Amino acid sequence: MAFKDFAGQEQGVELLQRSLERGRLGHGYLFTGHQLDQLEVLARTLAKTLNCLHPVKRGGVAVDCCDRCLNCQKIEHGNHADVFWVRPESKLRQIRIRQIVRRDDSPPRVLLDAVNLKPTESQYKVAVIVAADRMNVEAANAFLKTLEEPPPHSVLILLTTEPQRVIETIRSRCLRLNFAGEGPQQLAPPQLEWLASFSEMAAADQKSLLGRYRLMDVLLKKLNAVKESIDETLTARSPLEKYEDVEEQLRDKWDQELKAAIEAEYRRQRADFLLAMQWWLRDVWVQTLGQGQGLKSKVESVEPTIGAGGAAPDTINHQPSTIDSSESLLVFPQMAGTQRVAQRISPKQAMENLRVMEQLQRWLSTNVQEALALEVGLLKLHL
């Protein structure tokens with residue numbers, strides 16, 4: 001893909017192209033957004049643009065790739081000598097120091113070796129760190145030294161859906177481009193349909209323990225289906241499926257990366273589902289504020305700021321706001337279950353629901369047992 005093909009990301013792309021046009025190419029970028037897949041495509045397109053043989057120019061400077069030349073095709077297929085990718089590995093889904101600096105157990109290529117060598121096929125060396133928030137402390141500190149004093153003609157691109165988990169010393173040294181937009185992520189029709197079904201179940205009488213466990217069963221079944229789909233999709237894309245005759249060490253590396261990628265993508269999509277539930281519970285909170293006062297009444301209130309990009313915020317920030325119409329503030333106005341839940345709980349209970357979901361996201365970002373965390377969280381909700 002070329003930059004011109006990114007519908008809906010015009011603002012972020014234009015900012016990036018403007019910096020290229022003005023000769024202000026950064027040595028370190030932090031791309032943030034809802035989906036790592038999309039961020040990877042954006043990083044790949046930047047690498048193509050920097051090394052394209054027939055780029056689209058503006059003011060005599062390359063601002064987009066042709067997406068057809070030899071360099072573009074090599075970068076697209078992951079076999080360009082000057083473009084290096086780092087991904088989480090191991091059961092802990094971490095980026096470890098052995099991937100950054102050469103160690104006895106390092107893979108054939110490590111990041112520092114890759115960026116410190118002069119470009120062999122093109123003008124720029126490009127290193128892309130996927131899920132940069134997964135760098136452990138040792139890896140982050142080793143990478144920081146390179147970020148502070150990058151080799152000439154090198155560009156470092158970090159990708160994350162959870163920028164708050166990237167250490168501050170790295171964030172502060174990168175140019176940050178947000179490709180997530182504002183507000184909740186736009187849900188695909190199947191996700192929206194599932195959330196509507198979930199809200200209907202939640203709107204039924206959930207005072208009984210059986211009702212809560214039915215909700216949990218629905219959520220777990222959905223998450224299992226998501227994980228199976230991710231496994232199938234990423235396995236099909238893996239080089240393990242394309243190249244049979246490779247060295248055992250490289251095969252082991254690809255296998256570790258695949259397992260880590262599946263787990264990381266599952267965690268991201270799970271967080272997205274829970275975040276969508278959190279936005280729905282925020283709708284419930286808005287409705288509780290308008291109970292008995294009419295949709296057009298003004299209610300002095302505090303607005304909870306919910307984290308975007310599949311990550312719960314460290315705290316629920318409170319911003320004074322005046323609500324003119326609770327209907328106009330709903331993220332999912334089409335869901336009938338919202339009003340029914342709001343009619344039987346108080347604003348205080350509705351706010352507590354948001355805190356419960358925030359805590360649940362925190363638990364699940366650790367290695368806590370998933371089913372147990374979901375059980376505790378759902379049992380605590382006021383519905």
# chains A, B, ... in the order shown; residues from 1 in each chain; ligands from 1

$ residues_around --residues "Asn116 in chain A" --least-positions-apart "4" --cutoff "12 Å" --atoms "only C-alpha atoms" --output "JSON, numbers by chain"
{"A": [82, 84, 100, 101, 109, 110, 111, 112, 120, 124, 125, 126, 127, 146, 147, 149, 150, 151, 152, 153, 154, 155, 156]}

$ write_last_selection --atoms "N, CA and C atoms" --output "short mmCIF file (atom, residue, chain, number, x, y, z; two decimals), in the first residue's frame"
data_model
loop_
_atom_site.label_atom_id
_atom_site.label_comp_id
_atom_site.auth_asym_id
_atom_site.auth_seq_id
_atom_site.Cartn_x
_atom_site.Cartn_y
_atom_site.Cartn_z
N ASP A 82 17.74 -3.72 4.15
CA ASP A 82 17.88 -2.51 4.96
C ASP A 82 16.65 -2.20 5.82
N PHE A 84 14.48 -3.79 8.95
CA PHE A 84 14.59 -4.82 9.98
C PHE A 84 13.41 -4.72 10.93
N ILE A 100 17.90 -7.01 20.80
CA ILE A 100 18.41 -5.65 20.60
C ILE A 100 19.93 -5.64 20.48
N VAL A 101 20.59 -6.27 21.43
CA VAL A 101 22.06 -6.34 21.48
C VAL A 101 22.48 -7.79 21.37
N ARG A 109 20.19 -12.15 13.43
CA ARG A 109 20.30 -10.70 13.31
C ARG A 109 19.67 -10.04 14.53
N VAL A 110 20.30 -8.98 15.03
CA VAL A 110 19.74 -8.21 16.13
C VAL A 110 19.65 -6.75 15.68
N LEU A 111 18.85 -5.96 16.40
CA LEU A 111 18.55 -4.61 15.96
C LEU A 111 19.79 -3.73 15.83
N LEU A 112 20.67 -3.73 16.84
CA LEU A 112 21.82 -2.84 16.80
C LEU A 112 22.76 -3.18 15.65
N THR A 120 22.76 -1.17 2.38
CA THR A 120 23.36 -1.96 1.30
C THR A 120 22.59 -1.87 -0.01
N TYR A 124 18.22 4.48 3.17
CA TYR A 124 17.96 4.48 4.61
C TYR A 124 17.91 3.06 5.19
N LYS A 125 18.42 2.95 6.42
CA LYS A 125 18.17 1.77 7.24
C LYS A 125 16.92 2.06 8.07
N VAL A 126 15.99 1.14 8.06
CA VAL A 126 14.75 1.32 8.82
C VAL A 126 14.57 0.13 9.76
N ALA A 127 14.37 0.41 11.04
CA ALA A 127 14.08 -0.64 12.02
C ALA A 127 12.71 -0.39 12.62
N THR A 146 20.63 3.72 21.52
CA THR A 146 20.61 3.91 20.06
C THR A 146 19.67 5.04 19.68
N LEU A 147 18.55 5.15 20.38
CA LEU A 147 17.59 6.21 20.09
C LEU A 147 18.18 7.59 20.38
N GLU A 149 21.47 8.37 20.21
CA GLU A 149 22.53 8.63 19.24
C GLU A 149 22.37 7.69 18.04
N PRO A 150 21.35 7.93 17.21
CA PRO A 150 21.08 7.03 16.09
C PRO A 150 22.16 7.14 15.01
N PRO A 151 22.47 6.04 14.35
CA PRO A 151 23.43 6.09 13.25
C PRO A 151 22.87 6.95 12.11
N PRO A 152 23.73 7.55 11.30
CA PRO A 152 23.24 8.35 10.17
C PRO A 152 22.43 7.49 9.19
N HIS A 153 21.47 8.12 8.53
CA HIS A 153 20.62 7.45 7.54
C HIS A 153 19.89 6.25 8.14
N SER A 154 19.43 6.42 9.36
CA SER A 154 18.63 5.36 9.99
C SER A 154 17.36 5.97 10.56
N VAL A 155 16.26 5.23 10.49
CA VAL A 155 14.98 5.65 11.04
C VAL A 155 14.44 4.52 11.89
N LEU A 156 14.07 4.83 13.12
CA LEU A 156 13.54 3.86 14.06
C LEU A 156 12.06 4.13 14.25
#

$ select_by_dssp --residues "range 48-244 of chain A" --states "alpha helix (DSSP H)" --output "PyMOL selection string"
chain A and resi 48-51+70-76+97-100+111-116+137-148+168-171+189-203+209-237

$ write_last_selection --atoms "C-alpha atoms" --output "PDB file, in the first residue's frame"
ATOM      1  CA  LYS A  48       8.988   2.122   1.083  1.00  0.00           C
ATOM      2  CA  THR A  49       8.709   5.883   0.657  1.00  0.00           C
ATOM      3  CA  LEU A  50      12.210   6.459   2.044  1.00  0.00           C
ATOM      4  CA  ASN A  51      13.749   3.835  -0.231  1.00  0.00           C
ATOM      5  CA  LEU A  70      11.929  -3.576  -6.745  1.00  0.00           C
ATOM      6  CA  ASN A  71      12.629  -1.903  -3.396  1.00  0.00           C
ATOM      7  CA  CYS A  72       8.913  -1.475  -2.638  1.00  0.00           C
ATOM      8  CA  GLN A  73       8.229  -5.120  -3.463  1.00  0.00           C
ATOM      9  CA  LYS A  74      11.126  -6.361  -1.338  1.00  0.00           C
ATOM     10  CA  ILE A  75       9.956  -4.292   1.631  1.00  0.00           C
ATOM     11  CA  GLU A  76       6.375  -5.490   1.111  1.00  0.00           C
ATOM     12  CA  ILE A  97      17.644  -7.672  25.128  1.00  0.00           C
ATOM     13  CA  ARG A  98      18.893 -10.601  23.022  1.00  0.00           C
ATOM     14  CA  GLN A  99      16.878  -9.116  20.130  1.00  0.00           C
ATOM     15  CA  ILE A 100      18.405  -5.649  20.595  1.00  0.00           C
ATOM     16  CA  LEU A 111      18.550  -4.606  15.955  1.00  0.00           C
ATOM     17  CA  LEU A 112      21.823  -2.839  16.798  1.00  0.00           C
ATOM     18  CA  ASP A 113      23.749  -4.853  14.211  1.00  0.00           C
ATOM     19  CA  ALA A 114      21.100  -4.087  11.601  1.00  0.00           C
ATOM     20  CA  VAL A 115      20.934  -0.309  12.085  1.00  0.00           C
ATOM     21  CA  ASN A 116      24.658   0.276  12.599  1.00  0.00           C
ATOM     22  CA  VAL A 137      13.490  -3.085  31.019  1.00  0.00           C
ATOM     23  CA  GLU A 138      16.839  -4.410  29.771  1.00  0.00           C
ATOM     24  CA  ALA A 139      15.779  -4.212  26.133  1.00  0.00           C
ATOM     25  CA  ALA A 140      14.326  -0.726  26.563  1.00  0.00           C
ATOM     26  CA  ASN A 141      17.501   0.591  28.192  1.00  0.00           C
ATOM     27  CA  ALA A 142      19.685  -0.928  25.481  1.00  0.00           C
ATOM     28  CA  PHE A 143      17.462   0.507  22.752  1.00  0.00           C
ATOM     29  CA  LEU A 144      17.417   3.925  24.421  1.00  0.00           C
ATOM     30  CA  LYS A 145      21.142   4.360  23.793  1.00  0.00           C
ATOM     31  CA  THR A 146      20.611   3.907  20.065  1.00  0.00           C
ATOM     32  CA  LEU A 147      17.589   6.210  20.089  1.00  0.00           C
ATOM     33  CA  GLU A 148      19.675   8.940  21.749  1.00  0.00           C
ATOM     34  CA  GLU A 168       8.738   7.844  29.250  1.00  0.00           C
ATOM     35  CA  THR A 169      12.414   8.224  28.277  1.00  0.00           C
ATOM     36  CA  ILE A 170      11.667   6.475  24.973  1.00  0.00           C
ATOM     37  CA  ARG A 171       8.360   8.270  24.342  1.00  0.00           C
ATOM     38  CA  PRO A 189     -20.854  -5.022  12.332  1.00  0.00           C
ATOM     39  CA  PRO A 190     -20.255  -8.471  13.943  1.00  0.00           C
ATOM     40  CA  GLN A 191     -18.761  -6.814  17.044  1.00  0.00           C
ATOM     41  CA  LEU A 192     -21.616  -4.331  17.224  1.00  0.00           C
ATOM     42  CA  GLU A 193     -24.160  -7.154  16.887  1.00  0.00           C
ATOM     43  CA  TRP A 194     -22.441  -9.107  19.660  1.00  0.00           C
ATOM     44  CA  LEU A 195     -22.372  -6.068  21.968  1.00  0.00           C
ATOM     45  CA  ALA A 196     -26.070  -5.428  21.324  1.00  0.00           C
ATOM     46  CA  SER A 197     -26.828  -9.037  22.249  1.00  0.00           C
ATOM     47  CA  PHE A 198     -24.688  -8.738  25.377  1.00  0.00           C
ATOM     48  CA  SER A 199     -26.457  -5.532  26.442  1.00  0.00           C
ATOM     49  CA  GLU A 200     -29.850  -7.224  26.015  1.00  0.00           C
ATOM     50  CA  MET A 201     -28.739 -10.074  28.267  1.00  0.00           C
ATOM     51  CA  ALA A 202     -27.349  -7.607  30.803  1.00  0.00           C
ATOM     52  CA  ALA A 203     -30.659  -5.697  30.742  1.00  0.00           C
ATOM     53  CA  LEU A 209     -25.796 -15.626  40.247  1.00  0.00           C
ATOM     54  CA  LEU A 210     -26.978 -17.762  37.341  1.00  0.00           C
ATOM     55  CA  GLY A 211     -27.642 -14.665  35.241  1.00  0.00           C
ATOM     56  CA  ARG A 212     -24.132 -13.360  35.812  1.00  0.00           C
ATOM     57  CA  TYR A 213     -22.554 -16.682  34.881  1.00  0.00           C
ATOM     58  CA  ARG A 214     -24.611 -16.743  31.693  1.00  0.00           C
ATOM     59  CA  LEU A 215     -23.098 -13.380  30.797  1.00  0.00           C
ATOM     60  CA  MET A 216     -19.640 -14.721  31.535  1.00  0.00           C
ATOM     61  CA  ASP A 217     -20.265 -17.800  29.389  1.00  0.00           C
ATOM     62  CA  VAL A 218     -21.316 -15.604  26.452  1.00  0.00           C
ATOM     63  CA  LEU A 219     -18.165 -13.497  26.810  1.00  0.00           C
ATOM     64  CA  LEU A 220     -15.827 -16.497  27.123  1.00  0.00           C
ATOM     65  CA  LYS A 221     -17.340 -18.185  24.065  1.00  0.00           C
ATOM     66  CA  LYS A 222     -16.842 -15.018  22.067  1.00  0.00           C
ATOM     67  CA  LEU A 223     -13.237 -14.665  23.218  1.00  0.00           C
ATOM     68  CA  ASN A 224     -12.492 -18.306  22.369  1.00  0.00           C
ATOM     69  CA  ALA A 225     -13.860 -17.756  18.853  1.00  0.00           C
ATOM     70  CA  VAL A 226     -11.696 -14.632  18.533  1.00  0.00           C
ATOM     71  CA  LYS A 227      -8.563 -16.525  19.554  1.00  0.00           C
ATOM     72  CA  GLU A 228      -9.254 -19.354  17.098  1.00  0.00           C
ATOM     73  CA  SER A 229      -9.701 -16.830  14.289  1.00  0.00           C
ATOM     74  CA  ILE A 230      -6.459 -15.047  15.190  1.00  0.00           C
ATOM     75  CA  ASP A 231      -4.562 -18.343  15.331  1.00  0.00           C
ATOM     76  CA  GLU A 232      -5.814 -19.319  11.883  1.00  0.00           C
ATOM     77  CA  THR A 233      -5.121 -15.906  10.319  1.00  0.00           C
ATOM     78  CA  LEU A 234      -1.623 -15.346  11.713  1.00  0.00           C
ATOM     79  CA  THR A 235      -0.527 -18.925  11.098  1.00  0.00           C
ATOM     80  CA  ALA A 236      -1.488 -18.550   7.437  1.00  0.00           C
ATOM     81  CA  ARG A 237       0.649 -15.374   7.218  1.00  0.00           C
TER      82      ARG A 237
END

$ atom_distance --atom1 "CA of Ser238 in chain A" --atom2 "CA of Ala261 in chain A"
10.0 Å

$ residues_around --residues "Glu14 in chain A" --least-positions-apart "4" --cutoff "12 Å" --atoms "only C-alpha atoms" --output "PyMOL selection string"
chain A and resi 3-4+6-10+18-21+63-64+177-179

$ write_last_selection --atoms "N, CA and C atoms" --output "mmCIF file, in the first residue's frame"
data_model
loop_
_atom_site.group_PDB
_atom_site.id
_atom_site.type_symbol
_atom_site.label_atom_id
_atom_site.label_comp_id
_atom_site.auth_asym_id
_atom_site.auth_seq_id
_atom_site.Cartn_x
_atom_site.Cartn_y
_atom_site.Cartn_z
ATOM 1 N N PHE A 3 0.757 5.648 0.777
ATOM 2 C CA PHE A 3 0.064 6.542 1.706
ATOM 3 C C PHE A 3 -1.294 6.989 1.157
ATOM 4 N N LYS A 4 -1.403 7.113 -0.150
ATOM 5 C CA LYS A 4 -2.658 7.566 -0.759
ATOM 6 C C LYS A 4 -3.795 6.581 -0.539
ATOM 7 N N PHE A 6 -4.559 5.084 2.337
ATOM 8 C CA PHE A 6 -5.011 4.998 3.725
ATOM 9 C C PHE A 6 -6.221 5.893 3.955
ATOM 10 N N ALA A 7 -7.386 5.376 3.616
ATOM 11 C CA ALA A 7 -8.628 6.120 3.853
ATOM 12 C C ALA A 7 -8.882 6.206 5.351
ATOM 13 N N GLY A 8 -9.279 7.385 5.801
ATOM 14 C CA GLY A 8 -9.594 7.578 7.204
ATOM 15 C C GLY A 8 -8.398 7.943 8.063
ATOM 16 N N GLN A 9 -7.201 7.950 7.484
ATOM 17 C CA GLN A 9 -6.005 8.304 8.236
ATOM 18 C C GLN A 9 -5.298 9.503 7.615
ATOM 19 N N GLU A 10 -6.076 10.318 6.911
ATOM 20 C CA GLU A 10 -5.487 11.423 6.154
ATOM 21 C C GLU A 10 -4.711 12.390 7.039
ATOM 22 N N ARG A 18 4.171 15.956 5.433
ATOM 23 C CA ARG A 18 4.616 17.341 5.543
ATOM 24 C C ARG A 18 6.026 17.413 6.141
ATOM 25 N N SER A 19 6.296 16.548 7.117
ATOM 26 C CA SER A 19 7.636 16.539 7.705
ATOM 27 C C SER A 19 8.666 16.060 6.683
ATOM 28 N N LEU A 20 8.279 15.116 5.818
ATOM 29 C CA LEU A 20 9.178 14.666 4.754
ATOM 30 C C LEU A 20 9.447 15.801 3.771
ATOM 31 N N GLU A 21 8.367 16.493 3.390
ATOM 32 C CA GLU A 21 8.477 17.571 2.405
ATOM 33 C C GLU A 21 9.365 18.700 2.909
ATOM 34 N N VAL A 63 7.351 11.924 -0.996
ATOM 35 C CA VAL A 63 6.325 11.932 0.052
ATOM 36 C C VAL A 63 5.433 10.698 -0.021
ATOM 37 N N ASP A 64 5.648 9.837 -0.992
ATOM 38 C CA ASP A 64 4.895 8.590 -1.105
ATOM 39 C C ASP A 64 5.683 7.632 -1.986
ATOM 40 N N LEU A 177 2.892 9.986 16.372
ATOM 41 C CA LEU A 177 1.798 10.167 15.428
ATOM 42 C C LEU A 177 0.665 9.235 15.818
ATOM 43 N N ASN A 178 -0.509 9.813 16.048
ATOM 44 C CA ASN A 178 -1.664 9.035 16.470
ATOM 45 C C ASN A 178 -2.539 8.703 15.275
ATOM 46 N N PHE A 179 -2.744 7.408 15.040
ATOM 47 C CA PHE A 179 -3.598 6.959 13.944
ATOM 48 C C PHE A 179 -4.869 6.306 14.478
#

$ closest_residue --among "A:Gln343, A:Leu53, A:Pro108, A:Gly78" --to "Glu121 in chain A" --atoms "only C-alpha atoms"
A:Leu53
